[in-house]
$ cat my_file.cif   # mmCIF, C-alpha atoms and all ligand atoms
data_data
#
loop_
_atom_site.label_atom_id
_atom_site.label_comp_id
_atom_site.auth_asym_id
_atom_site.auth_seq_id
_atom_site.Cartn_x
_atom_site.Cartn_y
_atom_site.Cartn_z
CA MET A 148 0.00 0.00 0.00
CA THR A 149 1.20 3.51 -0.75
CA GLU A 150 1.37 6.21 1.93
CA ALA A 151 -1.82 7.72 0.46
CA GLU A 152 -3.63 4.36 0.60
CA LEU A 153 -2.51 3.74 4.18
CA PHE A 154 -3.75 7.18 5.15
CA GLU A 155 -7.11 6.56 3.47
CA PHE A 156 -7.66 3.12 4.96
CA ASP A 157 -6.59 4.25 8.42
CA LEU A 158 -8.90 7.25 8.18
CA ASN A 159 -11.96 5.48 6.78
CA GLY A 160 -11.61 1.71 7.30
CA VAL A 161 -12.61 1.27 3.66
CA ILE A 162 -10.79 1.84 0.36
CA VAL A 163 -11.44 1.24 -3.35
CA TYR A 164 -8.86 -0.13 -5.82
CA ARG A 165 -9.48 0.14 -9.55
CA ASP A 166 -9.29 -2.41 -12.37
CA LEU A 167 -8.41 -5.62 -10.53
CA ILE A 168 -10.37 -7.82 -12.95
CA SER A 169 -10.26 -7.31 -16.73
CA PRO A 170 -13.56 -6.71 -18.61
CA ASP A 171 -13.17 -10.10 -20.34
CA ASP A 172 -12.79 -11.89 -17.01
CA VAL A 173 -15.74 -9.96 -15.53
CA ARG A 174 -17.88 -11.18 -18.46
CA ARG A 175 -16.61 -14.74 -18.05
CA MET A 176 -17.24 -14.80 -14.31
CA ASN A 177 -20.75 -13.41 -14.77
CA ALA A 178 -21.49 -16.06 -17.41
CA ILE A 179 -20.27 -18.87 -15.11
CA ILE A 180 -22.40 -17.58 -12.23
CA ASP A 181 -25.45 -16.99 -14.48
CA GLU A 182 -25.23 -20.55 -15.74
CA ASP A 183 -24.92 -22.00 -12.24
CA LEU A 184 -27.81 -19.97 -10.80
CA LYS A 185 -29.95 -21.00 -13.78
CA ARG A 186 -29.03 -24.65 -13.19
CA LEU A 187 -30.09 -24.27 -9.55
CA GLY A 188 -33.25 -22.33 -10.43
CA LYS A 189 -32.01 -19.54 -8.14
CA GLU A 190 -31.62 -16.65 -10.59
CA ASP A 191 -33.14 -14.17 -8.14
CA THR A 192 -31.20 -15.26 -5.06
CA PHE A 193 -29.64 -12.59 -2.82
CA SER A 194 -26.52 -14.57 -1.93
CA PHE A 195 -24.80 -17.41 -3.74
CA GLY A 196 -21.73 -19.61 -3.55
CA PHE A 197 -19.21 -19.42 -6.38
CA ILE A 198 -15.70 -20.20 -5.13
CA ASP A 199 -15.59 -23.79 -6.41
CA LEU A 200 -17.43 -23.20 -9.69
CA ASP A 201 -14.32 -22.59 -11.77
CA PRO A 202 -10.54 -22.33 -11.17
CA CYS A 203 -10.71 -18.60 -12.00
CA PHE A 204 -12.32 -17.96 -8.59
CA LEU A 205 -9.48 -19.58 -6.65
CA GLU A 206 -7.07 -17.62 -8.84
CA LEU A 207 -8.88 -14.44 -7.82
CA MET A 208 -8.56 -15.48 -4.15
CA ALA A 209 -4.77 -15.42 -4.70
CA HIS A 210 -4.66 -12.22 -6.79
CA PRO A 211 -1.10 -10.85 -6.24
CA ARG A 212 -2.22 -7.24 -5.80
CA THR A 213 -4.95 -8.15 -3.33
CA LEU A 214 -2.58 -10.36 -1.36
CA SER A 215 0.05 -7.64 -1.14
CA ILE A 216 -2.61 -5.31 0.35
CA MET A 217 -3.85 -8.04 2.71
CA ARG A 218 -0.27 -8.65 3.76
CA GLN A 219 -0.02 -5.10 5.04
CA MET A 220 -3.45 -5.22 6.63
CA ILE A 221 -3.23 -8.66 8.25
CA GLY A 222 0.42 -9.74 8.08
CA ASP A 223 2.40 -12.65 6.63
CA TRP A 224 0.32 -15.17 8.60
CA MET A 225 -2.96 -14.73 6.78
CA ARG A 226 -5.51 -17.14 5.37
CA TYR A 227 -8.64 -17.31 3.24
CA ASP A 228 -11.65 -17.42 5.55
CA HIS A 229 -14.74 -17.70 3.35
CA ALA A 230 -16.41 -16.22 0.27
CA TYR A 231 -19.88 -15.66 -1.13
CA GLY A 232 -21.56 -13.63 -3.83
CA LEU A 233 -24.32 -11.05 -3.52
CA GLN A 234 -26.72 -9.86 -6.17
CA MET A 235 -29.60 -7.43 -6.05
CA ASP A 236 -32.23 -6.24 -8.50
CA THR A 237 -34.32 -3.10 -8.20
CA GLY A 238 -36.07 -3.05 -4.84
CA THR A 239 -34.11 -5.94 -3.32
CA VAL A 240 -33.91 -5.37 0.41
CA GLU A 241 -31.20 -7.39 2.05
CA ARG A 242 -30.98 -9.44 5.21
CA GLY A 243 -34.73 -9.55 5.86
CA LEU A 244 -35.86 -8.52 9.30
CA ALA A 245 -34.01 -11.18 11.28
CA ARG A 246 -30.76 -9.23 11.55
CA PRO A 247 -30.17 -5.54 11.93
CA ASN A 248 -28.88 -3.95 8.76
CA LEU A 249 -25.84 -2.06 9.93
CA HIS A 250 -23.58 -4.39 11.88
CA GLY A 251 -19.90 -5.05 12.60
CA GLY A 252 -17.78 -2.47 14.39
CA PRO A 253 -14.85 -2.59 16.79
CA ARG A 254 -14.68 -5.63 19.12
CA THR A 255 -17.88 -7.18 17.73
CA ASP A 256 -18.26 -10.90 16.96
CA HIS A 257 -16.59 -11.95 20.22
CA GLY A 258 -13.81 -9.43 19.72
CA GLU A 259 -12.81 -10.88 16.34
CA HIS A 260 -13.48 -7.64 14.47
CA GLN A 261 -10.66 -5.34 15.37
CA TYR A 262 -8.38 -2.63 14.05
CA GLN A 263 -5.22 -1.63 15.87
CA TRP A 264 -1.71 -0.29 15.30
CA PHE A 265 1.17 -1.56 17.41
CA ASP A 266 4.87 -0.87 16.97
CA GLY A 267 4.34 0.74 13.57
CA LYS A 268 2.27 -2.13 12.18
CA MET A 269 -1.42 -2.46 11.36
CA HIS A 270 -3.39 -5.35 12.92
CA ASN A 271 -6.80 -6.42 11.70
CA GLY A 272 -9.26 -9.25 12.21
CA LEU A 273 -11.50 -10.30 9.32
CA ILE A 274 -10.97 -8.22 6.17
CA VAL A 275 -13.32 -8.21 3.17
CA ALA A 276 -12.47 -7.68 -0.50
CA ILE A 277 -15.60 -6.97 -2.55
CA TYR A 278 -15.09 -7.29 -6.31
CA ALA A 279 -17.83 -5.63 -8.36
CA LEU A 280 -19.01 -7.66 -11.37
CA GLU A 281 -21.47 -4.87 -12.28
CA ASP A 282 -21.03 -1.09 -12.00
CA ILE A 283 -22.34 0.61 -8.87
CA HIS A 284 -23.33 4.22 -9.55
CA PRO A 285 -23.92 6.90 -6.89
CA GLY A 286 -27.24 6.23 -5.17
CA ASP A 287 -27.61 2.67 -6.53
CA GLY A 288 -27.59 1.11 -3.06
CA GLY A 289 -25.87 -2.10 -1.97
CA PHE A 290 -22.87 -1.83 0.33
CA ILE A 291 -23.04 0.94 2.96
CA CYS A 292 -20.74 1.87 5.82
CA VAL A 293 -19.91 4.47 8.45
CA PRO A 294 -16.40 5.67 7.50
CA GLY A 295 -14.07 5.92 10.49
CA SER A 296 -16.27 3.76 12.74
CA HIS A 297 -13.55 1.06 12.95
CA LYS A 298 -11.83 3.45 15.38
CA ALA A 299 -14.96 4.49 17.28
CA ASN A 300 -14.84 4.51 21.08
CA ARG A 301 -18.59 4.10 21.55
CA TYR A 302 -20.84 1.44 20.04
CA PHE A 303 -23.73 2.90 18.14
CA LEU A 304 -25.56 1.76 15.01
CA PRO A 305 -27.03 4.80 13.23
CA PRO A 306 -30.13 4.48 11.05
CA VAL A 307 -29.40 3.65 7.41
CA ASP A 308 -30.52 7.14 6.28
CA SER A 309 -28.15 8.87 8.73
CA HIS A 310 -25.71 11.48 7.35
CA LEU A 311 -22.96 9.25 8.81
CA VAL A 312 -23.71 6.44 6.34
CA VAL A 313 -22.15 6.37 2.85
CA ASN A 314 -22.86 4.16 -0.17
CA PRO A 315 -19.59 3.92 -2.15
CA SER A 316 -19.83 3.64 -5.93
CA PHE A 317 -17.29 1.64 -7.93
CA ARG A 318 -17.11 -0.05 -11.29
CA ALA A 319 -17.14 -3.64 -12.54
CA GLY A 320 -13.63 -5.03 -12.07
CA ASP A 321 -12.86 -2.72 -9.12
CA MET A 322 -12.33 -3.94 -5.57
CA LEU A 323 -13.52 -2.34 -2.34
CA ILE A 324 -11.73 -3.44 0.83
CA PHE A 325 -13.12 -2.89 4.31
CA THR A 326 -12.44 -4.17 7.80
CA GLU A 327 -15.29 -5.92 9.58
CA ALA A 328 -14.40 -3.62 12.50
CA LEU A 329 -16.13 -0.96 10.40
CA ILE A 330 -19.87 -0.52 10.91
CA HIS A 331 -21.34 -1.63 7.58
CA GLY A 332 -24.35 -3.20 5.94
CA THR A 333 -26.48 -3.29 2.82
CA THR A 334 -29.16 -0.94 1.60
CA THR A 335 -31.99 -1.42 -0.90
CA TRP A 336 -30.90 -1.62 -4.54
CA MET A 337 -32.42 1.39 -6.32
CA SER A 338 -31.02 1.18 -9.84
CA LYS A 339 -33.52 0.37 -12.57
CA LYS A 340 -30.72 0.09 -15.15
CA ASN A 341 -28.44 -2.52 -13.68
CA ARG A 342 -28.36 -5.19 -11.00
CA ARG A 343 -25.80 -5.49 -8.27
CA ARG A 344 -23.46 -8.44 -8.52
CA ALA A 345 -20.44 -8.73 -6.27
CA LEU A 346 -17.97 -11.35 -5.06
CA LEU A 347 -16.94 -11.11 -1.41
CA TYR A 348 -13.66 -12.74 -0.35
CA LYS A 349 -12.85 -12.67 3.36
CA TYR A 350 -9.35 -13.09 4.84
CA SER A 351 -8.34 -13.75 8.45
CA PRO A 352 -5.14 -13.69 10.47
CA GLY A 353 -3.52 -17.14 10.32
CA HIS A 354 -4.45 -17.95 13.91
CA SER A 355 -8.17 -17.32 13.61
CA THR A 356 -11.28 -18.17 11.68
CA TRP A 357 -14.67 -16.55 11.44
CA ALA A 358 -16.39 -19.20 9.33
CA SER A 359 -16.80 -22.86 10.13
CA LEU A 360 -13.99 -24.94 8.62
CA ASP A 361 -16.32 -27.58 7.17
CA HIS A 362 -15.76 -26.77 3.51
CA LEU A 363 -12.07 -25.95 3.65
CA GLU A 364 -10.64 -29.39 2.96
CA ALA A 365 -12.80 -30.01 -0.10
CA LEU A 366 -11.87 -26.60 -1.45
CA ARG A 367 -8.19 -27.20 -0.74
CA ALA A 368 -8.38 -30.33 -2.88
CA LYS A 369 -9.37 -28.09 -5.82
CA ALA A 370 -6.42 -25.72 -5.41
CA THR A 371 -3.99 -25.76 -8.30
CA THR A 372 -0.98 -23.93 -6.79
CA ASP A 373 0.99 -24.05 -3.53
CA LEU A 374 -0.03 -20.47 -2.84
CA GLN A 375 -3.73 -21.36 -3.11
CA ARG A 376 -3.19 -24.43 -0.89
CA ASP A 377 -1.38 -22.31 1.71
CA LEU A 378 -4.15 -19.72 1.72
CA LEU A 379 -6.64 -22.53 2.31
CA ARG A 380 -4.89 -23.88 5.40
CA PRO A 381 -6.89 -24.17 8.61
CA PRO A 382 -6.02 -21.69 11.37
CA CYS A 383 -3.19 -22.47 13.76
CA VAL A 384 -0.16 -20.84 15.38
CA GLY A 385 2.35 -23.56 16.15
CA GLY A 386 4.49 -24.63 13.23
CA LYS A 387 2.72 -22.38 10.75
CA THR A 388 4.87 -20.86 8.04
CA PRO A 389 4.16 -17.46 6.47
CA LEU A 390 2.64 -17.27 3.02
CA ASN A 391 5.05 -17.19 0.11
CA PHE A 392 3.69 -13.94 -1.34
CA PRO A 393 3.91 -13.47 -5.11
CA SER A 394 5.24 -10.16 -6.42
CA ALA A 395 2.33 -7.81 -7.10
O1 LIG B 1 -21.72 -5.91 0.67
C1 LIG B 1 -22.70 -5.86 1.39
O2 LIG B 1 -23.83 -5.55 0.96
C2 LIG B 1 -22.59 -6.13 2.88
C3 LIG B 1 -21.56 -7.15 3.23
C4 LIG B 1 -21.59 -7.49 4.68
O3 LIG B 1 -22.48 -7.15 5.40
C5 LIG B 1 -20.50 -8.24 5.27
O4 LIG B 1 -19.55 -8.58 4.55
O5 LIG B 1 -20.52 -8.50 6.49
#

$ encode --input "my_file.cif" --output "structure tokens" --more "lines below"
Ligand SMILES: O=C(O)CCC(=O)C(=O)O
Amino acid sequence: MTEAELFEFDLNGVIVYRDLISPDDVRRMNAIIDEDLKRLGKEDTFSFGFIDLDPCFLELMAHPRTLSIMRQMIGDWMRYDHAYGLQMDTGTVERGLARPNLHGGPRTDHGEHQYQWFDGKMHNGLIVAIYALEDIHPGDGGFICVPGSHKANRYFLPPVDSHLVVNPSFRAGDMLIFTEALIHGTTTWMSKKNRRRALLYKYSPGHSTWASLDHLEALRAKATTDLQRDLLRPPCVGGKTPLNFPSA
């Protein structure tokens, strides 16, 4: 990360990187997901699994640029935690009524969600990389957050229409990274022109996990490189070796 990027992420807890996925790959990924959702009869689902549909999704998990950013955010001892896709058409309201919309924030989820600097180094818990597979224009809806709330000293979830809440716009192929220590959520998709479609990859420090480990071994069997296999290791401390990071 550059000085400017470090400043931005420290300030806001969220940052957008441009052009991580080429337009051809965006089209290909959308086609693979479209075909799978059609096969399942779930074309209008809100969330969907995708990571084991095609090798390109494990390649994206190990994207050199993303990993070099994660390395600075989490450290050399990091691991893939889980992934899922989200899509929304006009009027889709997420999460239903069972869970509050805005969630996350410092020390939430049993203290897992955290953001701290010590001895000149950033420490994070679960970090999310959202890749857009469709453009998100201002006011479209989808991902929302309270910038700076990862450093808040009081716990408070503002209403979604609060002036504290922003709805970042970014284009297909771009990546938005945020820490789960940031208060964030999803708002109704308003666009009548395009749907939302996004891939969420979540990374953890090597000693911890947020998701259950049930699916990790099967996924690891599908990995095609040592780097992918290392990212898909279960959490542990003793005897763990750092990732062999590719040059970005
Ligand atoms: O991207 C979104 O709409 C929200 C994602 C979210 O809530 C999460 O990753 O915990």

$ atom_distance --input "my_file.cif" --atom1 "CA of Asn341 (chain A)" --atom2 "CA of Met176 (chain A)"
16.6 Å

$ closest_residue --input "my_file.cif" --among "A:Pro202, A:Gly251, A:Gly272, A:Pro393" --to "ligand LIG 1 (chain B)" --atoms "all atoms listed in the file"
A:Gly251

$ closest_residue --input "my_file.cif" --among "A:Gly320, A:Pro170, A:Gly252, A:Pro389" --to "Val293 (chain A)" --atoms "all atoms listed in the file"
A:Gly252

$ closest_atom_pairs --input "my_file.cif" --of "chain A" --to "ligand LIG 1 (chain B)" --cutoff "6 Å" --atoms "only C-alpha atoms and all ligand atoms" --output "CSV"
residue,atom,partner,partner_atom,distance
A:Gly289,CA,B:LIG1,O2,5.0
A:Phe290,CA,B:LIG1,O2,3.9
A:Gly332,CA,B:LIG1,O3,4.4
A:Thr333,CA,B:LIG1,O2,3.9

$ closest_residue --input "my_file.cif" --among "A:Met217, A:Cys203, A:Ala151, A:Ala319" --to "Leu167 (chain A)" --atoms "only C-alpha atoms"
A:Ala319

$ residues_around --input "my_file.cif" --residues "Ala276 (chain A)" --least-positions-apart "5" --cutoff "12 Å" --atoms "all atoms listed in the file" --output "PyMOL selection string"
chain A and resi 161-164+167+207-210+212-214+216-217+220+227-232+290+320-327+345-351

$ atom_distance --input "my_file.cif" --atom1 "CA of Arg226 (chain A)" --atom2 "CA of Asn314 (chain A)"
28.0 Å

$ residues_around --input "my_file.cif" --residues "region 186-190 of chain A" --least-positions-apart "4" --cutoff "12 Å" --atoms "all atoms listed in the file" --output "PyMOL selection string"
chain A and resi 179-182+194-196+233-236+342+344

$ atom_distance --input "my_file.cif" --atom1 "CA of Leu374 (chain A)" --atom2 "CA of Leu205 (chain A)"
10.2 Å

$ closest_residue --input "my_file.cif" --among "A:Ile291, A:Ile283, A:His250, A:Val275" --to "Leu304 (chain A)" --atoms "only C-alpha atoms"
A:His250

$ closest_residue --input "my_file.cif" --among "A:Gly258, A:Thr239, A:Ile168, A:Arg367" --to "Ser338 (chain A)" --atoms "all atoms listed in the file"
A:Thr239

$ build_atoms --input "my_file.cif" --residues "region 213-227 of chain A" --atoms "N, CA and C atoms" --output "short mmCIF file (atom, residue, chain, number, x, y, z; two decimals), keeping the file's coordinate frame"
data_model
loop_
_atom_site.label_atom_id
_atom_site.label_comp_id
_atom_site.auth_asym_id
_atom_site.auth_seq_id
_atom_site.Cartn_x
_atom_site.Cartn_y
_atom_site.Cartn_z
N THR A 213 -4.11 -8.05 -4.54
CA THR A 213 -4.95 -8.15 -3.33
C THR A 213 -4.13 -8.70 -2.17
N LEU A 214 -3.35 -9.75 -2.45
CA LEU A 214 -2.58 -10.36 -1.36
C LEU A 214 -1.54 -9.40 -0.80
N SER A 215 -0.96 -8.57 -1.67
CA SER A 215 0.05 -7.64 -1.14
C SER A 215 -0.63 -6.59 -0.24
N ILE A 216 -1.87 -6.24 -0.53
CA ILE A 216 -2.61 -5.31 0.35
C ILE A 216 -2.98 -6.03 1.65
N MET A 217 -3.48 -7.26 1.52
CA MET A 217 -3.85 -8.04 2.71
C MET A 217 -2.64 -8.26 3.61
N ARG A 218 -1.49 -8.43 2.98
CA ARG A 218 -0.27 -8.65 3.76
C ARG A 218 -0.02 -7.48 4.70
N GLN A 219 -0.24 -6.27 4.18
CA GLN A 219 -0.02 -5.10 5.04
C GLN A 219 -1.12 -4.95 6.07
N MET A 220 -2.33 -5.38 5.70
CA MET A 220 -3.45 -5.22 6.63
C MET A 220 -3.45 -6.29 7.71
N ILE A 221 -3.09 -7.53 7.33
CA ILE A 221 -3.23 -8.66 8.25
C ILE A 221 -1.87 -9.20 8.68
N GLY A 222 -0.91 -9.20 7.76
CA GLY A 222 0.42 -9.74 8.08
C GLY A 222 0.73 -10.97 7.25
N ASP A 223 1.94 -11.51 7.44
CA ASP A 223 2.40 -12.65 6.63
C ASP A 223 1.65 -13.93 6.96
N TRP A 224 0.98 -13.96 8.11
CA TRP A 224 0.32 -15.17 8.60
C TRP A 224 -1.16 -15.08 8.32
N MET A 225 -1.53 -14.92 7.08
CA MET A 225 -2.96 -14.73 6.78
C MET A 225 -3.53 -15.93 6.05
N ARG A 226 -4.84 -16.01 6.02
CA ARG A 226 -5.51 -17.14 5.37
C ARG A 226 -6.85 -16.70 4.80
N TYR A 227 -7.28 -17.47 3.78
CA TYR A 227 -8.64 -17.31 3.24
C TYR A 227 -9.62 -17.77 4.32
#
